[in-house]
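The next block holds one structure in the form of structure tokens; read it before the comments.
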Amino acid sequence: MRLAWLLIFTSIIQLSAAAQNDSSFRKRQALNFFQPSPDFNKQRLAIVVGTEAVGAIGSLVILDQLWYANYPHSAFHLFNDNDEWLGMDKFGHSQTGYSVGQSGYKALRWAGVNEKKSLLWGGTLGFMYLTVIEVMDGLSAQWGFSPGDFVADAGGAALFIGEQLLWKEQRIAYKWSFMPSPYAQYRPNLLGKDLSQQWLKDYNGQTYWFSVNIASFLPETKKFPQWLNLAIGYGADGMTGGSSNPTIVNGKTIPTFERRSQYYLSLDFDLTKIKTKHRFLKTVFNTFGFLKIPAPTVEFTPGKGTYFHWLYF
């Protein structure tokens, strides 16, 4: 836990130092709260750093007390979990690295930090936070530091930063959606006792998407809707255990399910492309941009066939 505190504290100090070295100061007019600052704003940076510090440290302390404290600690060790959950947990790690990095970047841009430093310190925020959790796993006898998770964490951050460097925008958004599955009832302690837990624990109900903004790849002369995306998704089904499905849980026999990967092709909407002069709505659209919008979807499940859903969440 001391290592977690050290890593977060160090990153915050480095972030503050980097931003304070920005010399592009000029006279500023009063800004709307939801409007990004046109130049470096020390007060806003303090809000960003303070909020991230409290949120990161507070959540890690709570996680340590409510989760890791219930299991014995050990010397740092590795753990290979690449065969678990049909890869869904790896998608979860990379999507978190992407989304938190995107939020960190936007928060620093809101504070007037320049593009390069916002990408460096904001874009890697999710990766740094998740790395602390991976280290905590590595010090727990119940789990271990997962190289696969670490690579997935870095991949999500790299996707965001790479797009921003290449295109100065996110043309391929990494999104997430969830619908309750019928499998949680058989292992509620593992997959969630109710909806408040299942959206996080039950990989059967999650889908991860790469949502491509078509118009951004077309010539500007093409009158294609700026807000319409094509989304490619991945999910999995039939999982009541990590690597395999148990037949008996707590002395009770549970049904046998076939574990399958699922692939999706769907429409989606880029909320950030919806034109509005209302800055609060713009903030809402940016905040919830990681959620895949329900839309008509084609599902392909190897071994079962192809299905069409009029509305898939």
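Each chain of the structure tokens is named A, B, ... in the order shown, its residues numbered from 1; ligands are numbered from 1 in display order.
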### Per-residue DSSP, stretch 55-107 of chain A, filtered to helix (DSSP H, G or I), as an MDAnalysis selection string
chainID A and resid 55:66 68:70 85:107
Could you write those residues out with C-alpha atoms, as a PDB file, in the first residue's frame?
```pdb
ATOM      1  CA  GLY A  55     -10.151  10.100  -5.920  1.00  0.00           C
ATOM      2  CA  ALA A  56      -7.120   7.905  -6.644  1.00  0.00           C
ATOM      3  CA  ILE A  57      -5.766   7.667  -3.111  1.00  0.00           C
ATOM      4  CA  GLY A  58      -9.215   7.368  -1.540  1.00  0.00           C
ATOM      5  CA  SER A  59     -10.319   4.603  -3.908  1.00  0.00           C
ATOM      6  CA  LEU A  60      -7.082   2.663  -3.411  1.00  0.00           C
ATOM      7  CA  VAL A  61      -7.343   2.888   0.363  1.00  0.00           C
ATOM      8  CA  ILE A  62     -10.944   1.684   0.221  1.00  0.00           C
ATOM      9  CA  LEU A  63      -9.972  -1.107  -2.179  1.00  0.00           C
ATOM     10  CA  ASP A  64      -7.158  -2.185   0.129  1.00  0.00           C
ATOM     11  CA  GLN A  65      -9.395  -2.265   3.202  1.00  0.00           C
ATOM     12  CA  LEU A  66     -12.470  -3.853   1.615  1.00  0.00           C
ATOM     13  CA  TYR A  68      -7.032  -7.034  -0.137  1.00  0.00           C
ATOM     14  CA  ALA A  69      -7.240  -6.901   3.672  1.00  0.00           C
ATOM     15  CA  ASN A  70      -9.416 -10.042   3.582  1.00  0.00           C
ATOM     16  CA  TRP A  85     -12.889 -15.134 -18.968  1.00  0.00           C
ATOM     17  CA  LEU A  86     -12.208 -15.636 -22.707  1.00  0.00           C
ATOM     18  CA  GLY A  87     -10.163 -12.431 -22.674  1.00  0.00           C
ATOM     19  CA  MET A  88     -12.996 -10.215 -21.442  1.00  0.00           C
ATOM     20  CA  ASP A  89     -11.046  -9.041 -18.403  1.00  0.00           C
ATOM     21  CA  LYS A  90      -8.222  -7.884 -20.690  1.00  0.00           C
ATOM     22  CA  PHE A  91     -10.658  -5.811 -22.722  1.00  0.00           C
ATOM     23  CA  GLY A  92     -11.903  -4.340 -19.451  1.00  0.00           C
ATOM     24  CA  HIS A  93      -8.393  -3.345 -18.438  1.00  0.00           C
ATOM     25  CA  SER A  94      -7.539  -1.753 -21.773  1.00  0.00           C
ATOM     26  CA  GLN A  95     -10.861   0.104 -22.007  1.00  0.00           C
ATOM     27  CA  THR A  96     -10.312   1.501 -18.513  1.00  0.00           C
ATOM     28  CA  GLY A  97      -6.798   2.609 -19.438  1.00  0.00           C
ATOM     29  CA  TYR A  98      -8.223   4.319 -22.523  1.00  0.00           C
ATOM     30  CA  SER A  99     -11.182   6.040 -20.849  1.00  0.00           C
ATOM     31  CA  VAL A 100      -9.371   7.224 -17.727  1.00  0.00           C
ATOM     32  CA  GLY A 101      -6.505   8.479 -19.883  1.00  0.00           C
ATOM     33  CA  GLN A 102      -8.957  10.371 -22.066  1.00  0.00           C
ATOM     34  CA  SER A 103     -10.600  11.934 -19.006  1.00  0.00           C
ATOM     35  CA  GLY A 104      -7.213  12.875 -17.557  1.00  0.00           C
ATOM     36  CA  TYR A 105      -6.208  14.504 -20.842  1.00  0.00           C
ATOM     37  CA  LYS A 106      -9.444  16.492 -21.109  1.00  0.00           C
ATOM     38  CA  ALA A 107      -9.194  17.617 -17.488  1.00  0.00           C
TER      39      ALA A 107
END
```
Which residues come within 8 Å of A:Ala173, counting only C-alpha atoms, excluding same-chain residues fewer than 6 positions away, as an mmCIF file with N, CA and C atoms, in the first residue's frame?
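Wrote around_22.cif, looks like this:
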```cif
data_model
loop_
_atom_site.group_PDB
_atom_site.id
_atom_site.type_symbol
_atom_site.label_atom_id
_atom_site.label_comp_id
_atom_site.auth_asym_id
_atom_site.auth_seq_id
_atom_site.Cartn_x
_atom_site.Cartn_y
_atom_site.Cartn_z
ATOM 1 N N TRP A 209 -16.411 -2.306 -27.357
ATOM 2 C CA TRP A 209 -16.604 -1.858 -28.729
ATOM 3 C C TRP A 209 -15.478 -0.940 -29.201
ATOM 4 N N PHE A 210 -15.147 -1.062 -30.478
ATOM 5 C CA PHE A 210 -14.340 -0.066 -31.164
ATOM 6 C C PHE A 210 -15.294 0.667 -32.109
ATOM 7 N N SER A 211 -15.613 1.894 -31.740
ATOM 8 C CA SER A 211 -16.614 2.677 -32.455
ATOM 9 C C SER A 211 -15.913 3.645 -33.411
ATOM 10 N N VAL A 212 -16.074 3.384 -34.706
ATOM 11 C CA VAL A 212 -15.343 4.121 -35.742
ATOM 12 C C VAL A 212 -16.196 5.251 -36.291
ATOM 13 N N PHE A 290 -18.010 7.173 -23.336
ATOM 14 C CA PHE A 290 -17.472 5.803 -23.303
ATOM 15 C C PHE A 290 -18.573 4.755 -23.382
#
```
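Interatomic distance, atom CA of A:Leu165 to atom CA of A:Ser146: 28.5 Å.
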### Message
Measuring between only C-alpha atoms, which one of A:Ser243, A:Gly156, A:Thr301, A:Ile248 shows the shortest distance to A:Leu265?
### Response
A:Thr301
### Query
Between atom CA of A:Ile254 and atom CA of A:Tyr234, what is the spacing in Å?
26.2 Å
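Nearest-residue note for A:Phe79: choosing from A:Gln206, A:Thr297, A:Ser140, A:Gln35, the minimum distance belongs to A:Ser140, counting only C-alpha atoms.
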### Task
Just the strand (DSSP E) stuff from stretch 143-266 of chain A, please, per backbone DSSP, written as JSON, numbers by chain.
{"A": [172, 173, 174, 175, 176, 177, 178, 206, 207, 208, 209, 210, 211, 212, 213, 228, 229, 230, 231, 232, 233, 234, 235, 236, 237, 248, 249, 252, 253, 260, 261, 262, 263, 264, 265, 266]}
Atoms kept (N, CA and C atoms) for selection, written as a CSV table (one decimal), in the first residue's frame:
```
chain,number,residue,atom,x,y,z
A,172,ILE,N,-11.5,6.5,-33.4
A,172,ILE,CA,-11.9,5.2,-33.0
A,172,ILE,C,-12.1,5.2,-31.5
A,173,ALA,N,-13.3,5.3,-31.1
A,173,ALA,CA,-13.5,5.4,-29.6
A,173,ALA,C,-13.7,4.0,-29.0
A,174,TYR,N,-13.1,3.8,-27.9
A,174,TYR,CA,-13.2,2.5,-27.1
A,174,TYR,C,-14.3,2.6,-26.2
A,175,LYS,N,-15.4,1.8,-26.4
A,175,LYS,CA,-16.6,1.9,-25.6
A,175,LYS,C,-17.0,0.6,-24.9
A,176,TRP,N,-18.1,0.7,-24.1
A,176,TRP,CA,-18.5,-0.4,-23.3
A,176,TRP,C,-20.0,-0.3,-23.2
A,177,SER,N,-20.6,-1.5,-23.0
A,177,SER,CA,-22.0,-1.6,-22.8
A,177,SER,C,-22.3,-2.8,-21.9
A,178,PHE,N,-23.5,-2.8,-21.3
A,178,PHE,CA,-23.8,-3.9,-20.4
A,178,PHE,C,-25.3,-4.2,-20.4
A,206,GLN,N,-21.1,-7.9,-20.4
A,206,GLN,CA,-20.4,-6.8,-20.9
A,206,GLN,C,-20.1,-7.0,-22.4
A,207,THR,N,-20.0,-5.9,-23.1
A,207,THR,CA,-19.5,-5.9,-24.5
A,207,THR,C,-18.6,-4.7,-24.6
A,208,TYR,N,-17.5,-5.0,-25.3
A,208,TYR,CA,-16.5,-3.9,-25.6
A,208,TYR,C,-16.5,-3.6,-27.0
A,209,TRP,N,-16.4,-2.3,-27.4
A,209,TRP,CA,-16.6,-1.9,-28.7
A,209,TRP,C,-15.5,-0.9,-29.2
A,210,PHE,N,-15.1,-1.1,-30.5
A,210,PHE,CA,-14.3,-0.1,-31.2
A,210,PHE,C,-15.3,0.7,-32.1
A,211,SER,N,-15.6,1.9,-31.7
A,211,SER,CA,-16.6,2.7,-32.5
A,211,SER,C,-15.9,3.6,-33.4
A,212,VAL,N,-16.1,3.4,-34.7
A,212,VAL,CA,-15.3,4.1,-35.7
A,212,VAL,C,-16.2,5.3,-36.3
A,213,ASN,N,-15.7,6.5,-36.2
A,213,ASN,CA,-16.4,7.6,-36.8
A,213,ASN,C,-16.1,7.7,-38.3
A,228,LEU,N,-22.5,9.7,-36.8
A,228,LEU,CA,-22.9,8.3,-37.0
A,228,LEU,C,-21.6,7.5,-37.1
A,229,ASN,N,-21.5,6.5,-36.3
A,229,ASN,CA,-20.4,5.6,-36.2
A,229,ASN,C,-20.7,4.1,-36.6
A,230,LEU,N,-19.7,3.4,-36.9
A,230,LEU,CA,-19.8,1.9,-37.1
A,230,LEU,C,-19.0,1.3,-36.0
A,231,ALA,N,-19.7,0.4,-35.2
A,231,ALA,CA,-19.0,-0.2,-34.1
A,231,ALA,C,-18.8,-1.7,-34.2
A,232,ILE,N,-17.6,-2.1,-33.9
A,232,ILE,CA,-17.2,-3.5,-33.9
A,232,ILE,C,-17.1,-4.0,-32.4
A,233,GLY,N,-17.8,-5.0,-32.0
A,233,GLY,CA,-17.8,-5.4,-30.6
A,233,GLY,C,-17.4,-6.8,-30.3
A,234,TYR,N,-16.9,-7.0,-29.1
A,234,TYR,CA,-16.5,-8.3,-28.6
A,234,TYR,C,-17.2,-8.6,-27.3
A,235,GLY,N,-17.7,-9.8,-27.1
A,235,GLY,CA,-18.3,-10.2,-25.8
A,235,GLY,C,-18.1,-11.7,-25.6
A,236,ALA,N,-18.6,-12.3,-24.6
A,236,ALA,CA,-18.5,-13.7,-24.3
A,236,ALA,C,-19.7,-14.1,-23.5
A,237,ASP,N,-20.0,-15.4,-23.5
A,237,ASP,CA,-21.2,-16.0,-23.0
A,237,ASP,C,-21.0,-17.3,-22.3
A,248,ILE,N,-20.3,-28.0,-9.5
A,248,ILE,CA,-20.8,-27.9,-8.2
A,248,ILE,C,-20.2,-26.7,-7.5
A,249,VAL,N,-21.1,-25.9,-6.9
A,249,VAL,CA,-20.7,-24.7,-6.1
A,249,VAL,C,-21.4,-24.7,-4.8
A,252,LYS,N,-23.8,-27.5,-4.3
A,252,LYS,CA,-25.0,-27.5,-5.1
A,252,LYS,C,-24.6,-27.7,-6.6
A,253,THR,N,-25.3,-28.5,-7.3
A,253,THR,CA,-25.0,-28.7,-8.7
A,253,THR,C,-25.6,-27.5,-9.5
A,260,ARG,N,-18.6,-19.4,-25.0
A,260,ARG,CA,-18.4,-18.9,-26.4
A,260,ARG,C,-18.0,-17.5,-26.4
A,261,SER,N,-17.2,-17.1,-27.4
A,261,SER,CA,-16.9,-15.7,-27.7
A,261,SER,C,-18.0,-15.3,-28.7
A,262,GLN,N,-18.2,-14.0,-28.7
A,262,GLN,CA,-19.3,-13.4,-29.5
A,262,GLN,C,-18.7,-12.1,-30.2
A,263,TYR,N,-19.1,-11.9,-31.4
A,263,TYR,CA,-18.6,-10.8,-32.2
A,263,TYR,C,-19.9,-10.0,-32.7
A,264,TYR,N,-19.7,-8.7,-32.8
A,264,TYR,CA,-20.9,-7.8,-33.1
A,264,TYR,C,-20.5,-6.7,-34.1
A,265,LEU,N,-21.5,-6.4,-34.9
A,265,LEU,CA,-21.3,-5.3,-35.8
A,265,LEU,C,-22.6,-4.4,-35.6
A,266,SER,N,-22.4,-3.1,-35.3
A,266,SER,CA,-23.5,-2.3,-34.9
A,266,SER,C,-23.3,-0.9,-35.4
```
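Of the listed residues A:Leu267, A:Leu159, A:Val48, A:Val151, the one whose atoms come nearest to A:Thr131 is A:Val151, with distances taken using only C-alpha atoms.
Residue nearest A:Gly242 within the list A:Lys193, A:Trp110, A:Asn82, A:Gln198: A:Asn82 [criterion: smallest interatomic distance, only C-alpha atoms].
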### Task
Identify which of the residues A:Leu78, A:Val135, A:Ile214, A:Leu108 lies closest to A:Thr51, counting only C-alpha atoms when measuring atom-to-atom distances.
A:Leu108
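Here the question is which of A:Glu258, A:Met239, A:Leu120, A:Asn80 gets nearest to A:Tyr186 using only C-alpha atoms, and that residue is A:Met239.
A straight line drawn from atom CA of A:Ser74 to atom CA of A:Leu190 is 22.9 Å long.
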